[in-house]
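Trainee: Just one file: coords.csv, with CSV, C-alpha atoms (C1' of nucleotides) and all ligand atoms.
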```
chain,number,residue,atom,x,y,z
A,191,MET,CA,27.9,-8.3,-24.2
A,192,VAL,CA,30.8,-10.6,-24.1
A,193,LEU,CA,28.7,-13.6,-22.9
A,194,GLU,CA,26.6,-13.5,-26.0
A,195,GLU,CA,29.6,-13.4,-28.3
A,196,VAL,CA,31.3,-16.2,-26.5
A,197,THR,CA,28.3,-18.5,-26.8
A,198,LYS,CA,27.8,-17.6,-30.4
A,199,ALA,CA,31.5,-18.4,-31.1
A,200,LEU,CA,31.2,-21.7,-29.4
A,201,SER,CA,28.1,-22.8,-31.1
A,202,ALA,CA,29.3,-21.6,-34.5
A,203,LYS,CA,32.0,-24.3,-34.0
A,204,GLY,CA,29.6,-26.9,-32.9
A,205,LEU,CA,31.0,-26.9,-29.3
A,206,LYS,CA,28.7,-27.5,-26.4
A,207,ILE,CA,28.1,-24.3,-24.3
A,208,THR,CA,29.4,-25.2,-20.9
A,209,HIS,CA,30.0,-22.9,-17.9
A,210,GLN,CA,33.6,-23.9,-17.9
A,211,ARG,CA,34.2,-22.9,-21.5
A,212,ILE,CA,32.5,-19.6,-21.1
A,213,VAL,CA,34.5,-18.8,-18.0
A,214,VAL,CA,37.8,-19.7,-19.5
A,215,PHE,CA,37.1,-18.0,-22.8
A,216,LYS,CA,36.0,-14.8,-21.0
A,217,ALA,CA,39.0,-14.8,-18.8
A,218,LEU,CA,41.3,-15.0,-21.7
A,219,LEU,CA,39.4,-12.3,-23.6
A,220,SER,CA,39.8,-9.9,-20.7
A,221,SER,CA,43.5,-10.4,-20.4
A,222,PRO,CA,46.0,-8.7,-22.7
A,223,LEU,CA,48.9,-10.3,-20.9
A,224,HIS,CA,49.0,-13.6,-22.8
A,225,PRO,CA,48.5,-15.7,-19.6
A,226,THR,CA,49.5,-19.3,-19.0
A,227,ALA,CA,46.8,-22.0,-18.4
A,228,GLU,CA,47.8,-21.8,-14.7
A,229,GLN,CA,47.3,-18.1,-14.6
A,230,ILE,CA,43.9,-18.4,-16.1
A,231,TYR,CA,43.0,-21.1,-13.6
A,232,ASP,CA,44.2,-19.0,-10.7
A,233,GLY,CA,42.2,-16.0,-12.0
A,234,ILE,CA,38.8,-17.9,-12.3
A,235,LYS,CA,38.9,-20.2,-9.4
A,236,LYS,CA,37.7,-17.7,-6.8
A,237,ASP,CA,34.4,-17.4,-8.6
A,238,ASN,CA,34.5,-21.0,-9.8
A,239,PRO,CA,35.9,-23.1,-7.0
A,240,ALA,CA,34.8,-26.4,-8.6
A,241,ILE,CA,36.7,-26.0,-11.8
A,242,SER,CA,39.5,-28.3,-12.5
A,243,VAL,CA,42.9,-27.3,-13.8
A,244,ALA,CA,42.7,-30.1,-16.3
A,245,THR,CA,39.5,-28.7,-17.6
A,246,VAL,CA,41.3,-25.3,-18.1
A,247,TYR,CA,44.0,-27.0,-20.1
A,248,LYS,CA,41.6,-29.1,-22.1
A,249,THR,CA,39.3,-26.1,-22.8
A,250,LEU,CA,42.2,-24.0,-24.0
A,251,GLU,CA,43.3,-26.8,-26.3
A,252,THR,CA,39.8,-27.1,-27.6
A,253,LEU,CA,39.5,-23.4,-28.3
A,254,VAL,CA,42.9,-23.5,-30.1
A,255,GLU,CA,41.8,-26.4,-32.2
A,256,ASN,CA,38.7,-24.5,-33.2
A,257,GLN,CA,40.8,-21.4,-33.9
A,258,LEU,CA,39.0,-19.3,-31.4
A,259,ILE,CA,42.2,-18.5,-29.6
A,260,ASN,CA,45.9,-18.8,-30.3
A,261,LYS,CA,48.8,-20.5,-28.5
A,262,VAL,CA,51.9,-18.4,-28.0
A,263,PRO,CA,55.2,-20.3,-27.3
A,264,THR,CA,57.7,-18.5,-25.2
A,265,PRO,CA,61.5,-18.7,-24.9
A,266,GLU,CA,61.1,-20.3,-21.4
A,267,GLY,CA,59.1,-23.1,-22.9
A,268,THR,CA,55.8,-22.5,-21.1
A,269,MET,CA,52.8,-22.1,-23.3
A,270,ARG,CA,50.7,-19.0,-23.2
A,271,TYR,CA,47.4,-18.1,-24.8
A,272,ASP,CA,46.1,-15.2,-26.8
A,273,ALA,CA,42.5,-14.3,-27.4
A,274,ARG,CA,43.6,-12.4,-30.5
A,275,ILE,CA,43.4,-14.5,-33.6
A,276,ASP,CA,44.2,-11.9,-36.1
A,277,ASN,CA,47.7,-11.8,-37.5
A,278,HIS,CA,50.1,-9.8,-35.2
A,279,ASN,CA,53.5,-10.0,-33.8
A,280,HIS,CA,54.8,-10.2,-30.3
A,281,ILE,CA,57.5,-8.5,-28.2
A,282,TYR,CA,58.8,-10.8,-25.5
A,283,ILE,CA,60.2,-8.8,-22.6
A,284,SER,CA,62.8,-10.9,-21.0
A,285,ASN,CA,63.2,-9.1,-17.7
A,286,THR,CA,59.5,-9.1,-16.8
A,287,ASN,CA,58.2,-12.1,-18.9
A,288,GLU,CA,55.6,-9.9,-20.4
A,289,ILE,CA,54.4,-10.5,-23.9
A,290,MET,CA,53.3,-7.4,-25.7
A,291,ASP,CA,51.3,-7.3,-28.9
A,292,TYR,CA,53.0,-5.6,-31.7
A,293,GLU,CA,51.1,-4.7,-34.8
A,294,ASP,CA,52.3,-2.7,-37.7
A,295,GLU,CA,50.8,-2.7,-41.1
A,296,GLU,CA,54.1,-1.5,-42.7
A,297,LEU,CA,55.9,-4.5,-41.1
A,298,LYS,CA,53.2,-6.9,-42.3
A,299,GLY,CA,53.5,-5.5,-45.8
A,300,ILE,CA,57.3,-5.7,-45.8
A,301,LEU,CA,57.3,-9.3,-44.7
A,302,ALA,CA,54.5,-10.5,-47.0
A,303,GLN,CA,56.3,-8.9,-49.9
A,304,TYR,CA,59.6,-10.3,-49.0
A,305,LEU,CA,58.3,-13.9,-48.6
A,306,SER,CA,56.2,-13.8,-51.7
A,307,LYS,CA,59.4,-13.2,-53.7
A,308,LYS,CA,61.1,-16.2,-52.1
A,309,LYS,CA,60.6,-19.7,-53.3
A,310,PHE,CA,61.1,-22.7,-51.0
A,311,GLN,CA,61.2,-26.1,-52.7
A,312,ASN,CA,58.9,-28.8,-51.2
A,313,LEU,CA,57.8,-26.3,-48.5
A,314,HIS,CA,54.5,-24.7,-48.0
A,315,ILE,CA,54.8,-21.6,-45.7
A,316,THR,CA,51.9,-21.5,-43.3
A,317,ASP,CA,52.9,-18.7,-41.0
A,318,PHE,CA,55.6,-16.1,-40.3
A,319,LYS,CA,56.1,-13.8,-37.5
A,320,LEU,CA,58.7,-11.4,-36.3
A,321,GLN,CA,59.7,-12.3,-32.8
A,322,ILE,CA,61.1,-9.3,-31.1
A,323,LYS,CA,62.9,-9.6,-27.8
A,324,GLY,CA,63.6,-6.7,-25.5
A,325,GLU,CA,64.2,-5.5,-22.0
A,326,LYS,CA,62.1,-3.0,-20.2
A,327,ILE,CA,64.3,-0.1,-19.1
A,328,ASP,CA,62.4,0.5,-15.9
A,329,PRO,CA,60.8,-2.8,-14.9
A,330,GLY,CA,59.4,-1.3,-11.7
A,331,LYS,CA,56.8,0.6,-13.6
A,332,GLY,CA,55.7,-2.5,-15.6
A,333,ILE,CA,53.1,-5.1,-15.1
A,334,ASN,CA,54.8,-8.2,-13.9
A,335,ILE,CA,52.8,-11.3,-14.6
A,336,ILE,CA,54.8,-13.8,-12.7
B,260,MET,CA,90.5,-30.3,-36.5
B,261,VAL,CA,87.3,-29.9,-34.5
B,262,LEU,CA,88.8,-31.1,-31.2
B,263,GLU,CA,91.3,-28.4,-31.3
B,264,GLU,CA,88.7,-25.7,-32.0
B,265,VAL,CA,86.5,-27.0,-29.2
B,266,THR,CA,89.2,-27.0,-26.6
B,267,LYS,CA,90.3,-23.6,-27.7
B,268,ALA,CA,86.7,-22.2,-27.5
B,269,LEU,CA,86.3,-23.7,-24.0
B,270,SER,CA,89.5,-22.4,-22.6
B,271,ALA,CA,88.9,-19.0,-24.2
B,272,LYS,CA,85.9,-18.8,-21.9
B,273,GLY,CA,87.8,-20.1,-18.9
B,274,LEU,CA,85.9,-23.4,-18.8
B,275,LYS,CA,87.6,-26.6,-17.8
B,276,ILE,CA,88.3,-28.9,-20.7
B,277,THR,CA,86.4,-32.0,-19.8
B,278,HIS,CA,85.7,-35.1,-21.9
B,279,GLN,CA,82.0,-34.6,-21.5
B,280,ARG,CA,82.1,-31.0,-22.7
B,281,ILE,CA,84.1,-32.0,-25.7
B,282,VAL,CA,81.8,-34.8,-26.6
B,283,VAL,CA,78.6,-32.8,-26.2
B,284,PHE,CA,80.0,-29.8,-28.0
B,285,LYS,CA,81.3,-31.9,-30.9
B,286,ALA,CA,78.0,-33.7,-31.2
B,287,LEU,CA,76.1,-30.5,-31.5
B,288,LEU,CA,78.6,-29.1,-34.0
B,289,SER,CA,78.1,-32.1,-36.2
B,290,SER,CA,74.3,-31.8,-36.2
B,291,PRO,CA,72.5,-29.3,-38.4
B,292,LEU,CA,69.2,-30.6,-37.0
B,293,HIS,CA,68.9,-28.4,-33.9
B,294,PRO,CA,68.7,-31.4,-31.6
B,295,THR,CA,67.2,-31.6,-28.1
B,296,ALA,CA,69.3,-32.4,-25.1
B,297,GLU,CA,67.9,-35.9,-25.1
B,298,GLN,CA,68.8,-36.5,-28.7
B,299,ILE,CA,72.4,-35.4,-28.1
B,300,TYR,CA,72.5,-37.7,-25.1
B,301,ASP,CA,71.2,-40.6,-27.2
B,302,GLY,CA,73.7,-39.9,-29.9
B,303,ILE,CA,76.8,-39.9,-27.7
B,304,LYS,CA,76.0,-42.6,-25.2
B,305,LYS,CA,77.1,-45.5,-27.3
B,306,ASP,CA,80.7,-44.2,-27.3
B,307,ASN,CA,80.3,-42.6,-23.8
B,308,PRO,CA,78.2,-45.0,-21.7
B,309,ALA,CA,79.1,-43.4,-18.4
B,310,ILE,CA,77.9,-39.9,-19.4
B,311,SER,CA,74.8,-38.7,-17.4
B,312,VAL,CA,71.9,-37.0,-19.0
B,313,ALA,CA,72.0,-34.4,-16.3
B,314,THR,CA,75.5,-33.6,-17.4
B,315,VAL,CA,74.3,-33.2,-21.0
B,316,TYR,CA,71.7,-30.7,-19.9
B,317,LYS,CA,74.2,-28.9,-17.6
B,318,THR,CA,76.9,-28.8,-20.3
B,319,LEU,CA,74.5,-27.3,-22.8
B,320,GLU,CA,73.4,-24.7,-20.4
B,321,THR,CA,77.0,-23.8,-19.6
B,322,LEU,CA,77.8,-23.5,-23.3
B,323,VAL,CA,74.7,-21.3,-23.8
B,324,GLU,CA,75.7,-19.0,-20.9
B,325,ASN,CA,79.2,-18.7,-22.4
B,326,GLN,CA,77.6,-17.9,-25.8
B,327,LEU,CA,79.3,-20.8,-27.5
B,328,ILE,CA,76.0,-22.3,-28.7
B,329,ASN,CA,72.4,-21.1,-28.8
B,330,LYS,CA,69.0,-22.2,-27.5
B,331,VAL,CA,66.2,-22.5,-29.9
B,332,PRO,CA,62.7,-22.6,-28.5
B,333,THR,CA,60.1,-24.5,-30.4
B,334,PRO,CA,56.3,-24.3,-30.8
B,335,GLU,CA,55.9,-27.7,-28.9
B,336,GLY,CA,57.8,-26.2,-25.9
B,337,THR,CA,60.8,-28.5,-26.0
B,338,MET,CA,64.1,-26.7,-26.1
B,339,ARG,CA,66.6,-27.4,-28.9
B,340,TYR,CA,70.2,-26.3,-29.4
B,341,ASP,CA,72.1,-24.8,-32.2
B,342,ALA,CA,75.9,-24.8,-32.7
B,343,ARG,CA,75.5,-21.7,-34.9
B,344,ILE,CA,75.9,-18.5,-33.0
B,345,ASP,CA,75.8,-16.1,-35.9
B,346,ASN,CA,72.5,-14.3,-36.4
B,347,HIS,CA,70.2,-16.3,-38.6
B,348,ASN,CA,66.5,-17.2,-38.8
B,349,HIS,CA,64.7,-20.6,-38.6
B,350,ILE,CA,62.0,-22.3,-40.5
B,351,TYR,CA,60.0,-24.7,-38.3
B,352,ILE,CA,58.5,-27.5,-40.3
B,353,SER,CA,55.4,-28.6,-38.4
B,354,ASN,CA,54.8,-32.0,-40.0
B,355,THR,CA,58.4,-33.3,-39.5
B,356,ASN,CA,59.5,-31.2,-36.5
B,357,GLU,CA,62.6,-30.2,-38.4
B,358,ILE,CA,64.2,-26.8,-37.8
B,359,MET,CA,66.0,-25.5,-40.9
B,360,ASP,CA,68.4,-22.7,-40.8
B,361,TYR,CA,67.3,-19.8,-43.0
B,362,GLU,CA,69.8,-17.0,-43.7
B,363,ASP,CA,69.3,-14.2,-46.1
B,364,GLU,CA,71.2,-10.9,-46.1
B,365,GLU,CA,68.4,-9.1,-47.8
B,366,LEU,CA,66.0,-10.1,-45.0
B,367,LYS,CA,68.5,-9.1,-42.3
B,368,GLY,CA,68.8,-5.7,-43.9
B,369,ILE,CA,65.1,-5.2,-44.3
B,370,LEU,CA,64.4,-6.1,-40.7
B,371,ALA,CA,67.3,-4.1,-39.3
B,372,GLN,CA,66.3,-1.0,-41.2
B,373,TYR,CA,62.7,-1.4,-40.3
B,374,LEU,CA,63.4,-1.7,-36.6
B,375,SER,CA,66.0,1.1,-36.6
B,376,LYS,CA,63.2,3.5,-37.7
B,377,LYS,CA,60.9,2.4,-34.9
B,378,LYS,CA,61.1,3.7,-31.4
B,379,PHE,CA,59.9,1.8,-28.4
B,380,GLN,CA,59.6,3.8,-25.2
B,381,ASN,CA,61.2,2.2,-22.1
B,382,LEU,CA,62.3,-0.8,-24.2
B,383,HIS,CA,65.7,-1.9,-25.3
B,384,ILE,CA,65.4,-4.3,-28.2
B,385,THR,CA,67.9,-7.1,-27.8
B,386,ASP,CA,67.0,-9.5,-30.6
B,387,PHE,CA,64.6,-10.0,-33.4
B,388,LYS,CA,64.1,-13.0,-35.6
B,389,LEU,CA,61.6,-13.9,-38.3
B,390,GLN,CA,60.0,-17.2,-37.3
B,391,ILE,CA,58.8,-19.0,-40.4
B,392,LYS,CA,56.5,-21.9,-40.1
B,393,GLY,CA,55.9,-24.4,-42.9
B,394,GLU,CA,55.0,-27.9,-44.0
B,395,LYS,CA,57.1,-30.2,-46.0
B,396,ILE,CA,55.2,-31.2,-49.2
B,397,ASP,CA,56.7,-34.6,-49.3
B,398,PRO,CA,57.7,-35.6,-45.8
B,399,GLY,CA,58.7,-39.1,-46.9
B,400,LYS,CA,61.9,-37.6,-48.4
B,401,GLY,CA,62.8,-35.5,-45.4
B,402,ILE,CA,65.0,-36.2,-42.4
B,403,ASN,CA,62.7,-36.9,-39.5
B,404,ILE,CA,64.5,-36.2,-36.3
B,405,ILE,CA,61.9,-37.5,-33.9
C,232,DT,C1',102.5,-35.0,-6.6
C,233,DT,C1',99.2,-32.7,-3.9
C,234,DC,C1',95.4,-29.9,-3.4
C,235,DT,C1',90.9,-28.0,-4.2
C,236,DA,C1',87.3,-25.8,-6.6
C,237,DA,C1',84.7,-27.3,-10.1
C,238,DA,C1',82.5,-30.9,-12.7
C,239,DT,C1',80.2,-35.2,-12.9
C,240,DG,C1',76.9,-39.2,-12.1
C,241,DA,C1',73.2,-41.0,-9.9
C,242,DT,C1',69.0,-40.0,-8.6
C,243,DA,C1',65.4,-37.2,-6.4
C,244,DA,C1',62.5,-33.4,-7.1
C,245,DT,C1',59.9,-30.1,-9.7
C,246,DA,C1',57.0,-28.0,-13.3
C,247,DA,C1',54.1,-28.3,-17.0
C,248,DT,C1',51.1,-30.9,-19.3
C,249,DT,C1',48.5,-35.0,-20.6
C,250,DA,C1',46.0,-39.4,-19.7
C,251,DT,C1',42.5,-42.0,-17.2
C,252,DT,C1',38.2,-42.9,-15.5
C,253,DA,C1',34.0,-42.4,-12.8
C,254,DT,C1',30.6,-38.9,-12.7
C,255,DT,C1',28.0,-35.2,-14.4
C,256,DT,C1',25.7,-32.5,-17.9
C,257,DA,C1',24.3,-30.3,-22.4
C,258,DC,C1',21.7,-31.2,-26.0
C,259,DT,C1',18.5,-34.3,-28.6
C,260,DA,C1',14.3,-36.3,-29.7
C,261,DA,C1',10.6,-38.6,-28.2
D,229,DT,C1',8.9,-32.1,-20.3
D,230,DT,C1',11.4,-35.9,-19.7
D,231,DA,C1',14.4,-39.4,-20.5
D,232,DG,C1',18.6,-41.0,-23.2
D,233,DT,C1',23.2,-40.4,-24.7
D,234,DA,C1',27.4,-38.7,-26.2
D,235,DA,C1',30.4,-35.4,-24.7
D,236,DA,C1',32.4,-32.8,-21.0
D,237,DT,C1',34.2,-32.4,-16.4
D,238,DA,C1',36.6,-33.3,-11.8
D,239,DA,C1',39.8,-35.7,-9.5
D,240,DT,C1',43.9,-37.6,-9.8
D,241,DA,C1',47.5,-40.5,-11.7
D,242,DA,C1',51.0,-40.5,-15.2
D,243,DT,C1',54.3,-38.5,-18.3
D,244,DT,C1',57.8,-35.5,-20.1
D,245,DA,C1',61.2,-32.2,-19.8
D,246,DT,C1',64.1,-30.1,-16.9
D,247,DT,C1',66.5,-28.8,-12.6
D,248,DA,C1',68.3,-29.7,-7.9
D,249,DT,C1',70.9,-32.3,-4.6
D,250,DC,C1',74.9,-34.4,-3.1
D,251,DA,C1',78.5,-37.8,-2.7
D,252,DT,C1',82.3,-38.8,-5.7
D,253,DT,C1',85.6,-37.7,-9.2
D,254,DT,C1',88.8,-34.9,-11.7
D,255,DA,C1',91.1,-30.8,-14.3
D,256,DG,C1',94.2,-27.8,-13.6
D,257,DA,C1',96.9,-24.9,-10.4
D,258,DA,C1',100.7,-24.8,-7.2
E,1,MN,MN,49.5,-13.9,-31.4
E,2,MN,MN,58.4,-29.0,-18.8
E,3,ZN,ZN,49.0,-11.3,-28.9
E,4,ZN,ZN,70.1,-22.6,-36.6
```
Translate this file's structure into C-alpha cells.

Mentor:
Amino acid sequence: MVLEEVTKALSAKGLKITHQRIVVFKALLSSPLHPTAEQIYDGIKKDNPAISVATVYKTLETLVENQLINKVPTPEGTMRYDARIDNHNHIYISNTNEIMDYEDEELKGILAQYLSKKKFQNLHITDFKLQIKGEKIDPGKGINII
Amino acid sequence: MVLEEVTKALSAKGLKITHQRIVVFKALLSSPLHPTAEQIYDGIKKDNPAISVATVYKTLETLVENQLINKVPTPEGTMRYDARIDNHNHIYISNTNEIMDYEDEELKGILAQYLSKKKFQNLHITDFKLQIKGEKIDPGKGINII
DNA sequence: TTCTAAATGATAATAATTATTATTTACTAA
DNA sequence: TTAGTAAATAATAATTATTATCATTTAGAA
C-alpha cells in the first residue's frame, strides 16, 4: 500500500519516519491537482488537527530537497507541488488555475534532439520544459482548485 | 530617441504621459536583465527621489495590461519584467539568477508545428514557451543581478 | 485658465513563506 | 527496554513581495 512505499522512500533518503511526513507525502501523492502548501494543509488538518502549517511547508521543502517530489512554479507566483518526479510538462489553465500534466514522448524526443544540437557556451543545461498556457472553453465543467 | 517612442507607445494606448511612466518604461527598456520591480525602483530613485515603489509596481502592471511589456515568472516566485514583447524563450540560470533571452526560429517552428498537430479538447492554447534551466560554468564572469 | 478623472505618494494591509525557539519525538545504543 | 540525543515539530514572530487605501497632485480636455 501507499504507506509502505512512503516509509520506504523516506528511509531510503535517511529521513526520519514521522507522522507528519507520511501524512503530507500521502496527501500530495493522492492529488493530481498540483496543490499549494496551504491546500495540502487544509486537506489534512481535519484528520490531523495538531499539524502546523509551518511543518507542511518544511516537510514539502525537505521532500523536494531529497527529490521525492517536485516544485512547480506558477505564473501567479505561488508555489505548487507535484508528486510526480518523472520528466513531464505542464499545461497551466489560466481561467481555472488548474495545472494539468502533459506528457508526450514525441515532444520529449523533439526537444531533446533540438537541444542536443545546440551549444551554449559557459552554460550547463539542467532542465527544459515546455510551458503551455491555455484557457478552458467551458470552465463550469472543470475542477476549480481555488 | 527613446523618449519619443515611449510617449508614442503610451499615447497609442490612451495612457496619460506621466514622468513616472516614462522613467519606469525607459529603465526597463535599457535593461536586458529582466529586472524585478524593486530593482527598477532602485535604479531610478537616484534621479527620481520622489517616486514611490507602489507607483513602480502599478506602472509596470499598467504597462503589462496594455501589452507594452511582459511579465516573466521565475522559479523563485518573484515576478520579473521584460521590455521585449515579441515571442521568445528564456533561459533561467539558477546559480546567478540571470534570465537570458533565447530566440531561435528553428525552435519556434518546431514547437508551432508540433502543437498545431495536437488537439486539446475544451482547451484553447494561448501561449507556449520552452523554459530552459541551466547553470553558468564560471559564474565569476557573469553579470549577477541580485 | 479651469476642471476633473486619473495618477501618484505615503503608508497600511495582505499573502506567501521563512525564521525562531521551546517542546516533543524518532531513532540509537547501552 | 530504557534512557540519551539529535532532529523534528508547533506556535508564533518576522520577512518578503505585492496590493489596497486614500489624501493629494497632475495631465490633458474644455
Ligand atoms: Mn512536473
Ligand atoms: Mn508573495
Ligand atoms: Zn505534474
Ligand atoms: Zn526576455

Trainee: Please identify every polymer residue within 7 Å of ligand ZN 4 (chain E), using only C-alpha atoms (C1' of nucleotides) and all ligand atoms, and present the set as a list in words.

Mentor: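 These are the residues that qualify: His293, Asp341, Arg343, His347, Asn348, His349, Met359 and Asp360 of chain B.
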
Trainee: For chain B against chain A, which residues fall within 8 Å using all atoms listed in the file, given as a PDB file with C-alpha atoms, keeping the file's coordinate frame?

Mentor:
```pdb
ATOM      1  CA  VAL B 331      66.200 -22.500 -29.900  1.00  0.00           C
ATOM      2  CA  PRO B 332      62.700 -22.600 -28.500  1.00  0.00           C
ATOM      3  CA  THR B 333      60.100 -24.500 -30.400  1.00  0.00           C
ATOM      4  CA  PRO B 334      56.300 -24.300 -30.800  1.00  0.00           C
ATOM      5  CA  GLU B 335      55.900 -27.700 -28.900  1.00  0.00           C
ATOM      6  CA  GLY B 336      57.800 -26.200 -25.900  1.00  0.00           C
ATOM      7  CA  THR B 337      60.800 -28.500 -26.000  1.00  0.00           C
ATOM      8  CA  MET B 338      64.100 -26.700 -26.100  1.00  0.00           C
ATOM      9  CA  LEU B 366      66.000 -10.100 -45.000  1.00  0.00           C
ATOM     10  CA  ILE B 369      65.100  -5.200 -44.300  1.00  0.00           C
ATOM     11  CA  TYR B 373      62.700  -1.400 -40.300  1.00  0.00           C
ATOM     12  CA  ASN B 381      61.200   2.200 -22.100  1.00  0.00           C
ATOM     13  CA  LEU B 382      62.300  -0.800 -24.200  1.00  0.00           C
ATOM     14  CA  HIS B 383      65.700  -1.900 -25.300  1.00  0.00           C
ATOM     15  CA  ILE B 384      65.400  -4.300 -28.200  1.00  0.00           C
ATOM     16  CA  THR B 385      67.900  -7.100 -27.800  1.00  0.00           C
ATOM     17  CA  ASP B 386      67.000  -9.500 -30.600  1.00  0.00           C
ATOM     18  CA  PHE B 387      64.600 -10.000 -33.400  1.00  0.00           C
ATOM     19  CA  LYS B 388      64.100 -13.000 -35.600  1.00  0.00           C
ATOM     20  CA  LEU B 389      61.600 -13.900 -38.300  1.00  0.00           C
ATOM     21  CA  GLN B 390      60.000 -17.200 -37.300  1.00  0.00           C
ATOM     22  CA  ILE B 391      58.800 -19.000 -40.400  1.00  0.00           C
ATOM     23  CA  LYS B 392      56.500 -21.900 -40.100  1.00  0.00           C
ATOM     24  CA  GLY B 393      55.900 -24.400 -42.900  1.00  0.00           C
ATOM     25  CA  GLU B 394      55.000 -27.900 -44.000  1.00  0.00           C
ATOM     26  CA  LYS B 395      57.100 -30.200 -46.000  1.00  0.00           C
ATOM     27  CA  ILE B 396      55.200 -31.200 -49.200  1.00  0.00           C
ATOM     28  CA  ASP B 397      56.700 -34.600 -49.300  1.00  0.00           C
TER      29      ASP B 397
END
```

Trainee: Could the residues that lie within 7 Å of ligand MN 2 (chain E), counting all atoms listed in the file, be listed as a PDB file with C-alpha atoms (C1' of nucleotides), in the frame of the given file?

Mentor:
```pdb
ATOM      1  C1'  DA C 246      57.000 -28.000 -13.300  1.00  0.00           C
ATOM      2  C1'  DA C 247      54.100 -28.300 -17.000  1.00  0.00           C
TER       3       DA C 247
ATOM      4  C1'  DT D 244      57.800 -35.500 -20.100  1.00  0.00           C
ATOM      5  C1'  DA D 245      61.200 -32.200 -19.800  1.00  0.00           C
ATOM      6  C1'  DT D 246      64.100 -30.100 -16.900  1.00  0.00           C
TER       7       DT D 246
END
```

Trainee: One decimal, Å: what's the distance from CA of Lys206 (chain A) over to atom ZN of ligand ZN 3 (chain E), could you say?

Mentor: 26.1 Å

Trainee: Could you write out as a ChimeraX atom specification the residues of chain B within 9 Å of chain C, counting all atoms listed in the file?

Mentor: /B:275,277,279,309-314

Trainee: Edge lengths and centre, in Å to one decimal, as JSON: that's what I need for the box along x, y and z that holds all listed atoms of region 237-256 of chain C plus 3 Å on each side.

Mentor:
```
{"center_x": 55.2, "center_y": -35.1, "center_z": -13.5, "size_x": 65.0, "size_y": 21.6, "size_z": 20.2}
```

Trainee: Smallest atom-to-atom distance to chain D: which of A:Lys248, A:Lys216, A:Lys236, A:Lys198, using all atoms listed in the file?

Mentor: A:Lys248

Trainee: Just the number, please: distance in Å from CA of Arg270 (chain A) to C1' of DA242 (chain D), one decimal.

Mentor: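 Answer for the CA of Arg270 (chain A) to C1' of DA242 (chain D) separation: 22.9 Å.
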
Trainee: In terms of the shortest atom-to-atom distance over all atoms listed in the file, which of D:DT247, D:DT229, D:DT253, D:DT237 is closest to chain B?

Mentor: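 The shortest atom-to-atom distance to chain B comes from D:DT247.
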
Trainee: Residues near Val315 (chain B), anyone? I mean within 12 Å using all atoms listed in the file, not counting same-chain ones fewer than 4 positions away, as a ChimeraX atom specification.

Mentor: /B:278-284,286-287,295-304,307,309-311,319-322,340 /C:238-240 /D:246

Trainee: In Å, with one decimal, what is the gap from CA of Gln257 (chain A) to CA of Lys203 (chain A)?

Mentor: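 If I compute the distance from CA of Gln257 (chain A) to CA of Lys203 (chain A), I get 9.3 Å.
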
Trainee: Chain D residues within 9 Å of chain A, counting all atoms listed in the file: which ones, as a VMD selection string?

Mentor: chain D and resid 235 to 239
